[in-house]
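Below is model17.txt, which holds compact mmCIF, C-alpha atoms.
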# COMPACT_ATOMS: atom_id res chain seq x y z
CA MET A 1 22.55 -28.60 14.99
CA ASP A 2 20.26 -26.29 13.02
CA TYR A 3 16.61 -25.97 13.95
CA PHE A 4 13.85 -24.33 11.93
CA VAL A 5 10.86 -22.82 13.71
CA GLY A 6 7.58 -22.18 11.93
CA LEU A 7 5.06 -19.79 13.49
CA ASP A 8 1.44 -19.84 12.40
CA VAL A 9 0.27 -16.50 13.76
CA SER A 10 -3.30 -15.53 14.60
CA LEU A 11 -4.54 -12.50 16.51
CA ARG A 12 -4.29 -14.02 20.01
CA SER A 13 -2.29 -17.24 19.69
CA VAL A 14 0.70 -18.69 17.84
CA ALA A 15 1.18 -22.33 16.81
CA ILE A 16 4.88 -23.25 17.03
CA CYS A 17 6.56 -26.13 15.24
CA VAL A 18 10.30 -26.86 15.50
CA ILE A 19 11.97 -29.22 13.02
CA ASP A 20 15.61 -30.21 12.57
CA ALA A 21 17.75 -30.10 9.43
CA ASP A 22 16.35 -33.47 8.29
CA GLY A 23 12.72 -32.33 8.60
CA ARG A 24 11.95 -34.35 11.76
CA THR A 25 9.60 -32.66 14.21
CA VAL A 26 11.33 -31.73 17.49
CA PHE A 27 8.27 -30.36 19.27
CA GLU A 28 4.99 -28.55 18.69
CA HIS A 29 3.20 -26.17 20.97
CA SER A 30 0.68 -23.31 21.02
CA VAL A 31 1.19 -20.14 23.07
CA ALA A 32 -0.22 -16.63 23.32
CA CYS A 33 0.86 -14.17 20.64
CA GLU A 34 3.36 -12.42 22.89
CA ILE A 35 7.12 -12.07 22.53
CA ASP A 36 7.86 -13.29 26.07
CA ASP A 37 5.69 -16.40 25.70
CA ILE A 38 7.33 -17.37 22.39
CA SER A 39 10.81 -16.76 23.83
CA ASP A 40 10.05 -18.89 26.90
CA CYS A 41 8.74 -21.69 24.67
CA LEU A 42 11.99 -21.74 22.70
CA ALA A 43 14.27 -21.29 25.72
CA GLY A 44 15.31 -24.96 25.71
CA LEU A 45 17.00 -24.63 22.31
CA PRO A 46 20.16 -22.58 21.63
CA SER A 47 19.18 -19.33 19.93
CA SER A 48 22.32 -19.46 17.74
CA ASP A 49 21.01 -22.63 16.04
CA LEU A 50 17.43 -21.42 15.63
CA ARG A 51 15.90 -19.77 12.60
CA ILE A 52 12.35 -18.51 13.02
CA GLY A 53 10.00 -17.88 10.11
CA PHE A 54 6.42 -16.72 9.68
CA GLU A 55 4.34 -15.34 6.83
CA ALA A 56 3.59 -11.65 6.43
CA GLY A 57 0.48 -10.45 8.20
CA ALA A 58 -0.97 -7.92 10.61
CA MET A 59 1.26 -9.00 13.51
CA SER A 60 4.47 -9.27 11.47
CA GLN A 61 5.92 -5.94 12.55
CA HIS A 62 5.43 -6.65 16.26
CA LEU A 63 6.82 -10.19 16.09
CA PHE A 64 9.76 -9.42 13.80
CA PHE A 65 11.30 -6.62 15.81
CA GLY A 66 10.34 -8.14 19.15
CA LEU A 67 11.93 -11.53 18.44
CA ARG A 68 14.97 -9.91 16.85
CA ALA A 69 15.47 -7.79 19.98
CA ALA A 70 15.28 -11.02 22.00
CA GLY A 71 18.28 -12.36 20.07
CA PHE A 72 16.61 -14.67 17.53
CA ASN A 73 17.31 -15.01 13.82
CA VAL A 74 13.95 -14.04 12.31
CA VAL A 75 12.67 -13.93 8.74
CA CYS A 76 9.27 -12.81 7.47
CA MET A 77 8.21 -14.68 4.32
CA GLU A 78 6.00 -13.55 1.47
CA ALA A 79 2.45 -14.71 2.18
CA ARG A 80 1.63 -15.58 -1.43
CA GLN A 81 4.47 -18.10 -1.65
CA VAL A 82 3.75 -19.61 1.75
CA ASN A 83 0.07 -19.97 0.89
CA ALA A 84 0.98 -21.78 -2.35
CA ALA A 85 3.10 -24.27 -0.40
CA LEU A 86 0.49 -24.83 2.33
CA SER A 87 -2.31 -25.36 -0.22
CA ALA A 88 -0.70 -28.70 -1.16
CA MET A 89 -1.32 -30.08 2.34
CA ARG A 90 -4.32 -32.32 2.79
CA ASN A 91 -5.56 -30.97 6.12
CA LYS A 92 -5.49 -27.36 7.21
CA THR A 93 -5.02 -26.71 10.92
CA ASP A 94 -2.84 -24.30 12.86
CA LYS A 95 -0.59 -27.22 13.77
CA THR A 96 -0.06 -28.39 10.19
CA ASP A 97 0.35 -24.81 8.96
CA ALA A 98 3.14 -24.20 11.46
CA LYS A 99 4.89 -27.38 10.32
CA GLY A 100 4.46 -26.39 6.68
CA ILE A 101 5.95 -22.94 7.36
CA ALA A 102 8.91 -24.58 9.09
CA ASN A 103 9.50 -26.80 6.06
CA VAL A 104 9.26 -23.81 3.69
CA LEU A 105 11.88 -22.11 5.85
CA ARG A 106 14.11 -25.20 5.76
CA SER A 107 13.82 -25.54 1.98
CA GLY A 108 14.60 -21.88 1.33
CA TRP A 109 11.76 -21.60 -1.21
CA PHE A 110 10.57 -18.14 -0.20
CA ASN A 111 11.26 -14.45 -0.62
CA PRO A 112 11.96 -12.47 2.55
CA VAL A 113 9.70 -9.49 3.18
CA HIS A 114 11.21 -6.12 3.98
CA MET A 115 10.04 -4.87 7.37
CA LYS A 116 9.38 -1.15 7.23
CA SER A 117 10.60 1.29 9.84
CA ARG A 118 8.39 2.78 12.54
CA GLU A 119 8.60 6.16 10.79
CA SER A 120 7.27 4.62 7.60
CA HIS A 121 4.38 2.92 9.40
CA ALA A 122 3.52 6.19 11.17
CA ALA A 123 3.26 7.98 7.81
CA ARG A 124 1.18 5.14 6.35
CA ALA A 125 -1.15 5.26 9.39
CA LEU A 126 -1.68 9.00 8.86
CA LEU A 127 -2.40 8.50 5.16
CA SER A 128 -4.81 5.63 5.90
CA SER A 129 -6.64 7.72 8.51
CA ARG A 130 -7.00 10.59 6.05
CA LYS A 131 -8.33 8.30 3.34
CA ALA A 132 -10.79 6.56 5.69
CA VAL A 133 -12.31 9.84 6.88
CA GLN A 134 -12.44 11.15 3.30
CA ARG A 135 -14.40 8.07 2.21
CA LYS A 136 -16.89 8.52 5.05
CA CYS A 137 -17.44 12.15 4.05
CA ILE A 138 -18.14 11.09 0.46
CA ASP A 139 -20.47 8.30 1.64
CA LEU A 140 -22.53 10.69 3.78
CA ALA A 141 -22.71 13.25 0.96
CA ASN A 142 -23.94 10.55 -1.44
CA GLU A 143 -26.49 9.38 1.14
CA ILE A 144 -27.88 12.92 1.40
CA ARG A 145 -28.02 13.17 -2.40
CA GLY A 146 -29.96 9.91 -2.60
CA LEU A 147 -32.48 10.97 0.05
CA PHE A 148 -33.00 14.29 -1.71
CA ARG A 149 -34.19 12.53 -4.85
CA ILE A 150 -37.09 10.98 -2.97
CA PHE A 151 -38.44 14.50 -2.40
CA GLY A 152 -37.73 15.60 -5.97
CA LEU A 153 -34.65 17.63 -5.04
CA ARG A 154 -31.61 17.34 -7.29
CA LEU A 155 -28.23 18.80 -6.49
CA PRO A 156 -25.76 19.78 -9.24
CA SER A 157 -23.74 16.84 -10.50
CA ARG A 158 -20.58 18.34 -9.07
CA VAL A 159 -20.49 20.06 -5.69
CA ASP A 160 -17.15 20.77 -4.06
CA GLN A 161 -16.76 18.94 -0.75
CA ALA A 162 -15.74 22.15 1.02
CA SER A 163 -18.92 23.99 -0.08
CA PHE A 164 -21.31 21.03 0.26
CA ASP A 165 -22.60 22.10 3.69
CA GLU A 166 -23.42 25.69 2.73
CA LYS A 167 -25.26 24.58 -0.41
CA VAL A 168 -27.27 21.77 1.22
CA ARG A 169 -28.07 23.18 4.69
CA PRO A 170 -30.49 25.93 3.49
CA ILE A 171 -32.43 23.35 1.45
CA ILE A 172 -32.76 21.04 4.45
CA GLU A 173 -33.70 23.78 6.92
CA ALA A 174 -36.48 24.98 4.61
CA ASP A 175 -38.39 21.70 5.07
CA ALA A 176 -39.39 20.47 8.53
CA ASP A 177 -39.41 16.78 7.55
CA LEU A 178 -35.96 17.04 5.96
CA SER A 179 -34.61 18.95 8.95
CA HIS A 180 -35.80 16.25 11.34
CA ALA A 181 -34.12 13.46 9.34
CA LEU A 182 -31.11 14.99 7.61
CA LEU A 183 -29.72 17.74 9.84
CA PRO A 184 -28.01 15.22 12.20
CA LEU A 185 -26.53 13.51 9.14
CA LEU A 186 -25.26 16.83 7.80
CA ASP A 187 -23.82 17.76 11.20
CA ALA A 188 -22.00 14.42 11.37
CA ARG A 189 -20.55 15.02 7.91
CA ALA A 190 -19.41 18.52 8.92
CA VAL A 191 -17.50 17.09 11.89
CA LEU A 192 -15.94 14.40 9.70
CA PHE A 193 -14.98 16.95 7.06
CA ALA A 194 -13.27 19.14 9.67
CA THR A 195 -11.34 16.04 10.81
CA TYR A 196 -10.40 15.27 7.22
CA ARG A 197 -9.07 18.78 6.65
CA GLU A 198 -6.94 18.53 9.79
CA LEU A 199 -5.49 15.18 8.69
CA ASP A 200 -4.90 16.61 5.22
CA ARG A 201 -2.98 19.54 6.74
CA ARG A 202 -0.84 17.14 8.77
CA VAL A 203 0.03 15.10 5.67
CA LYS A 204 1.00 18.24 3.73
CA ARG A 205 3.00 19.55 6.69
CA ILE A 206 5.03 16.34 6.92
CA ALA A 207 5.65 16.28 3.16
CA SER A 208 6.70 19.95 3.09
CA HIS A 209 9.32 19.31 5.81
CA ASP A 210 10.75 16.15 4.26
CA GLU A 211 13.70 16.58 1.89
CA THR A 212 12.90 13.48 -0.15
CA CYS A 213 9.24 14.42 -0.58
CA LEU A 214 10.20 17.93 -1.65
CA ARG A 215 12.39 16.47 -4.42
CA PHE A 216 9.51 14.24 -5.52
CA MET A 217 7.11 17.21 -5.59
CA ALA A 218 9.39 18.99 -8.07
CA ILE A 219 8.03 16.52 -10.65
CA PRO A 220 4.96 18.02 -12.41
CA GLY A 221 1.81 16.30 -11.18
CA VAL A 222 3.36 14.80 -8.02
CA GLY A 223 1.80 16.35 -4.93
CA PRO A 224 2.32 15.77 -1.20
CA ILE A 225 -0.03 12.77 -1.05
CA ALA A 226 1.72 10.91 -3.88
CA ALA A 227 5.19 11.84 -2.60
CA LEU A 228 4.56 10.75 0.99
CA THR A 229 2.69 7.60 -0.07
CA PHE A 230 5.59 6.50 -2.30
CA LYS A 231 8.24 7.32 0.32
CA ALA A 232 6.40 5.47 3.10
CA ALA A 233 5.85 2.40 0.91
CA VAL A 234 9.43 2.12 -0.35
CA ASP A 235 10.96 3.05 3.04
CA GLU A 236 14.49 2.05 2.03
CA PRO A 237 15.52 2.61 -1.63
CA ARG A 238 18.53 0.30 -1.41
CA ARG A 239 16.31 -2.75 -0.97
CA PHE A 240 15.60 -2.58 -4.73
CA THR A 241 18.64 -3.55 -6.77
CA SER A 242 17.16 -1.94 -9.88
CA SER A 243 14.74 0.97 -10.23
CA ARG A 244 12.81 -0.97 -12.88
CA THR A 245 11.70 -3.51 -10.28
CA VAL A 246 9.90 -0.81 -8.27
CA ALA A 247 7.14 -0.51 -10.85
CA ALA A 248 6.70 -4.30 -10.86
CA HIS A 249 6.65 -4.34 -7.04
CA PHE A 250 3.62 -2.04 -7.04
CA GLY A 251 1.79 -3.95 -9.79
CA LEU A 252 2.28 -1.53 -12.68
CA THR A 253 3.83 -4.03 -15.11
CA PRO A 254 1.84 -6.44 -17.35
CA ARG A 255 1.17 -10.02 -16.35
CA ARG A 256 2.53 -12.70 -18.64
CA TYR A 257 1.55 -16.35 -19.11
CA GLN A 258 3.95 -18.29 -21.33
CA SER A 259 3.92 -22.07 -21.76
CA GLY A 260 4.95 -23.96 -24.88
CA GLU A 261 3.47 -22.25 -27.90
CA MET A 262 1.25 -20.02 -25.77
CA ASP A 263 2.49 -16.54 -24.87
CA ASN A 264 -0.23 -14.33 -23.44
CA PRO A 265 0.73 -10.89 -22.10
CA GLY A 266 -2.10 -9.48 -20.01
CA ARG A 267 -3.03 -6.34 -18.15
CA ILE A 268 -1.02 -4.96 -15.25
CA SER A 269 -0.65 -7.36 -12.34
CA LYS A 270 -2.05 -4.98 -9.66
CA ALA A 271 0.25 -6.64 -7.13
CA GLY A 272 1.56 -4.86 -4.08
CA ASP A 273 0.23 -1.73 -2.40
CA ALA A 274 -2.94 -0.48 -4.09
CA ASP A 275 -2.65 2.96 -2.44
CA VAL A 276 0.76 3.54 -4.04
CA ARG A 277 -0.56 2.40 -7.40
CA SER A 278 -3.53 4.78 -7.13
CA ALA A 279 -1.31 7.68 -6.04
CA LEU A 280 1.09 7.15 -8.96
CA TYR A 281 -1.82 6.87 -11.41
CA ALA A 282 -3.33 10.12 -10.08
CA ALA A 283 0.06 11.86 -10.33
CA ALA A 284 0.54 10.65 -13.91
CA ASN A 285 -2.97 11.79 -14.86
CA ALA A 286 -2.34 15.21 -13.29
CA MET A 287 0.96 15.54 -15.16
CA MET A 288 -0.63 14.79 -18.53
CA MET A 289 -4.02 16.50 -18.13
CA ARG A 290 -3.53 19.39 -15.72
CA SER A 291 0.10 20.40 -15.48
CA VAL A 292 1.25 23.15 -17.85
CA ALA A 293 4.93 22.40 -17.26
CA SER A 294 6.57 20.52 -20.13
CA SER A 295 8.94 17.64 -19.63
CA GLU A 296 10.29 14.69 -21.55
CA ILE A 297 8.09 12.20 -19.70
CA LYS A 298 4.94 14.27 -20.34
CA SER A 299 5.75 14.60 -24.04
CA TRP A 300 6.34 10.86 -24.23
CA GLY A 301 3.03 10.20 -22.46
CA LEU A 302 1.08 12.44 -24.84
CA TRP A 303 2.70 10.72 -27.80
CA LEU A 304 1.77 7.34 -26.33
CA MET A 305 -1.80 8.53 -25.73
CA ARG A 306 -2.30 9.17 -29.43
CA ARG A 307 -1.16 5.62 -30.22
CA LYS A 308 -2.54 3.50 -27.37
CA GLY A 309 -5.27 5.56 -25.74
CA ARG A 310 -5.49 7.59 -22.56
CA ARG A 311 -5.70 4.84 -19.94
CA ARG A 312 -2.74 2.87 -21.22
CA ALA A 313 -0.70 6.03 -21.54
CA VAL A 314 -1.44 7.12 -17.96
CA VAL A 315 -0.47 3.68 -16.63
CA ALA A 316 2.76 3.80 -18.62
CA VAL A 317 3.59 7.26 -17.25
CA ALA A 318 2.77 6.06 -13.70
CA ARG A 319 5.17 3.16 -14.22
CA LYS A 320 7.88 5.54 -15.40
CA LEU A 321 7.23 7.88 -12.47
CA ALA A 322 7.89 5.02 -10.03
CA VAL A 323 11.22 4.31 -11.73
CA ILE A 324 12.24 7.98 -11.84
CA MET A 325 11.27 8.71 -8.22
CA HIS A 326 13.21 5.71 -6.94
CA ARG A 327 16.28 6.66 -8.95
CA MET A 328 16.10 10.26 -7.71
CA TRP A 329 15.93 8.97 -4.14
CA ALA A 330 18.71 6.41 -4.55
CA ASP A 331 21.08 8.83 -6.32
CA ASN A 332 20.05 11.92 -4.34
CA THR A 333 19.40 13.85 -7.56
CA GLU A 334 16.83 16.43 -8.68
CA PHE A 335 14.20 16.14 -11.40
CA ARG A 336 15.26 17.91 -14.59
CA GLN A 337 12.45 19.20 -16.82
CA ARG A 338 13.61 18.72 -20.38
CA PRO A 339 10.98 18.86 -23.15
CA LEU A 340 11.19 16.22 -25.86
CA GLU A 341 12.15 17.84 -29.16
CA GLY A 342 9.69 17.40 -32.00
CA ALA A 343 6.88 16.00 -29.78
CA ALA A 344 3.57 17.75 -29.30

Rewritten as C-alpha cells:
Amino acid sequence: MDYFVGLDVSLRSVAICVIDADGRTVFEHSVACEIDDISDCLAGLPSSDLRIGFEAGAMSQHLFFGLRAAGFNVVCMEARQVNAALSAMRNKTDKTDAKGIANVLRSGWFNPVHMKSRESHAARALLSSRKAVQRKCIDLANEIRGLFRIFGLRLPSRVDQASFDEKVRPIIEADADLSHALLPLLDARAVLFATYRELDRRVKRIASHDETCLRFMAIPGVGPIAALTFKAAVDEPRRFTSSRTVAAHFGLTPRRYQSGEMDNPGRISKAGDADVRSALYAAANAMMMRSVASSEIKSWGLWLMRRKGRRRAVVAVARKLAVIMHRMWADNTEFRQRPLEGAA
C-alpha cells in the first residue's frame, strides 16, 4: 500500500503527517528537525511504500540528501504552488500544513525542485559573502558622507571604493571632533574592504580555473562574477529541456494575464534568483555600453535600443545571454563573435 508523508519544516521541529492512497490519515506526529528522528518516526512503515514531500526552504538541502541517504523516496516541491494549495485551508497550523502537503504530494499537483550540488552551494555561499561585505562597505562609506555634510564637507559625487580611505582620512584627521567620531568608522570600513578584496580574489580565482566559466567569459561583457553566478544557479544544464526556459526560470520573460477578451502582457516576472538576474543585466549592460568587441547579439541590442529604449534593450540582451550561455554549456561549444551585417 502506498503512503504519502507530508513534512512541515521549521528551524527546530518538523510536523509529520502520513496519509494513505485514499487520503485517510494514518498518523501525525511532531519531531525534532533531524534526519535520525524523522527516520525513527517512520520506521514502522515500509520505506518502499513511502513517498516523502516537503516544500522548498532553508532546510531543504539538509533534509533531501539526508533522507535520500537513509533510503527514502524524497521530493522537494515548489513553495509557491504548495502555498497556493495551503491557502485554501481554513485554519493554519503546523499539523494542518503537514496534512495539506501530504495531499498535494498525493494529488501530484506540484513541480519538483532541483536540489543543487554541494559544489554549487559552496560557490553561491562565496558569492553571497562577497556581496554582503561589499554592501556593508558601501553603507559605511555613505554614512561617512552623510556625517560630513553636517560639518559642511562635501566629497566628490564619485569616489572609487579603493581610494576612499586615502581621500577621506586626511580630512578626518585634520579635525579633532571628526577624528573622535569617524576614525573608528573609517577603520572598520578599511577592514571590511580588505575582506571584500580577498573574497573578490577568491571568486575570480575559482572562475579562472573553471572550464565552463572560462567559456562564458569569452562572451563580451560577461565577467567572472556573472559567469560563476550563472553556473552556480543552473548547476546542471540538462535539467532544462530547452534553453529558452532558462530565461523564464530567472524571471527575464514578461508576465502575461489572459482571460476571455482580456490579454495583458506585463513587465518581466522577476521570478527566480534575483542575483542571477542582476548579474545577467550587468553583463548585458557592459556588453552594450562598455565592450568594444562587436558581435551579433550586441548589434541586435543596439538596434533594439533605438526602437524600444535602453532599459528594454538591456533586459532583452540579458534574456538572450541566459539562453546562449546555457546552450554553450549544454553543447560544450564556444562563443563565436560574428557582427551583424548592416547594423550599426

Identify, on the basis of all atoms listed in the file, every residue whose closest approach to Ala313 (chain A) does not exceed 6 Å; exclude the query and any residue fewer than 3 positions from it along the same chain; express the result as a PyMOL selection string.
chain A and resi 301+304-305+310+316

Nearest residue to Cys33 (chain A) out of A:Ser48, A:Ala293, A:Glu198, A:Ala15, using all atoms listed in the file?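 Of A:Ser48, A:Ala293, A:Glu198, A:Ala15, the one nearest Cys33 (chain A) is A:Ala15, counting all atoms listed in the file.
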
Please determine, counting all atoms listed in the file, which residue among A:Asn91, A:Ser128, A:Thr229, A:Ser60 has the shortest atom-to-atom distance to His114 (chain A).
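Of all the options, A:Ser60 lies closest to His114 (chain A).
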
Shell around region 250-252 of chain A at 6 Å using all atoms listed in the file, local window under 4 positions removed, as a PDB file with C-alpha atoms, in the coordinates of the input:
ATOM      1  CA  ILE A 268      -1.020  -4.960 -15.250  1.00  0.00           C
ATOM      2  CA  SER A 269      -0.650  -7.360 -12.340  1.00  0.00           C
ATOM      3  CA  LYS A 270      -2.050  -4.980  -9.660  1.00  0.00           C
ATOM      4  CA  ALA A 271       0.250  -6.640  -7.130  1.00  0.00           C
ATOM      5  CA  GLY A 272       1.560  -4.860  -4.080  1.00  0.00           C
ATOM      6  CA  ASP A 273       0.230  -1.730  -2.400  1.00  0.00           C
ATOM      7  CA  ARG A 319       5.170   3.160 -14.220  1.00  0.00           C
TER       8      ARG A 319
END

Which residues of region 189-307 of chain A have any atom within 8 Å of an atom in region 116-126 of chain A when counting all atoms listed in the file, and what is the closest pair of atoms for each, with the distance in Å to one decimal? Order the rows by chain and rising number and write it as JSON lines.
{"residue": "A:Leu199", "atom": "CA", "partner": "A:Leu126", "partner_atom": "CA", "distance": 7.3}
{"residue": "A:Val203", "atom": "CA", "partner": "A:Leu126", "partner_atom": "CA", "distance": 7.1}
{"residue": "A:Leu228", "atom": "CA", "partner": "A:Ala123", "partner_atom": "CA", "distance": 7.5}
{"residue": "A:Thr229", "atom": "CA", "partner": "A:Arg124", "partner_atom": "CA", "distance": 7.0}
{"residue": "A:Lys231", "atom": "CA", "partner": "A:Ser120", "partner_atom": "CA", "distance": 7.8}
{"residue": "A:Ala232", "atom": "CA", "partner": "A:Ser120", "partner_atom": "CA", "distance": 4.7}
{"residue": "A:Ala233", "atom": "CA", "partner": "A:Ser120", "partner_atom": "CA", "distance": 7.2}
{"residue": "A:Asp235", "atom": "CA", "partner": "A:Ser120", "partner_atom": "CA", "distance": 6.1}
{"residue": "A:Glu236", "atom": "CA", "partner": "A:Lys116", "partner_atom": "CA", "distance": 8.0}

Which of these, A:Val323, A:Met288, A:Ile219, A:Ala79, has the shortest distance to Phe110 (chain A) once you count all atoms listed in the file?
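Smallest distance to Phe110 (chain A) is found for A:Ala79.
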
Q. Can you tell me, as a PyMOL selection string, what residues are no more than 12 Å from Met59 (chain A) when counting all atoms listed in the file, ignoring any on the same chain fewer than 4 positions away?
A. chain A and resi 7-14+33-35+54-55+63-66+76+115

A straight line from CA of Cys17 (chain A) to CA of Leu42 (chain A) spans 10.2 Å

| message | When you count all atoms listed in the file, which of these residues is closest to Lys136 (chain A): A:Leu192, A:Ile101, A:Ile16, A:Val246? | response |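 Residue with the minimum atom-to-atom distance to Lys136 (chain A): A:Leu192.
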
Nearest to Arg130 (chain A) by atom-to-atom distance, counting all atoms listed in the file, from A:Ile171, A:Leu183, A:Ala176, A:Ile225:
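Looking only at the distances to Arg130 (chain A), the closest residue turns out to be A:Ile225.
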
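Residues in contact with Ala330 (chain A) at 9 Å, where only C-alpha atoms are counted and same-chain residues fewer than 3 positions away are skipped, are listed as Glu236, Pro237, Arg238, Ser243, Met325, His326, Arg327 and Thr333 of chain A.
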
For Arg197 (chain A), the nearest of the candidates A:Ala162, A:Ile138, A:Arg169, A:Thr96, counting all atoms listed in the file
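When distances to Arg197 (chain A) are compared using all atoms listed in the file, the smallest one comes from A:Ala162.
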
In Å, how far is it from CA of Met328 (chain A) to CA of Val234 (chain A)?
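We find that CA of Met328 (chain A) and CA of Val234 (chain A) lie 12.8 Å from each other.
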
>> What's the separation between CA of Trp300 (chain A) and CA of Val317 (chain A), in Å to one decimal place?
In response: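 According to the coordinates, CA of Trp300 (chain A) and CA of Val317 (chain A) are separated by 8.3 Å.
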
field: Sphere at (5.0, 6.1, -7.2), radius 8 Å, counting all atoms listed in the file: residues as a PyMOL selection string
entry: chain A and resi 226-227+229-230+247+276-277+279-280+318-319+321-323+325
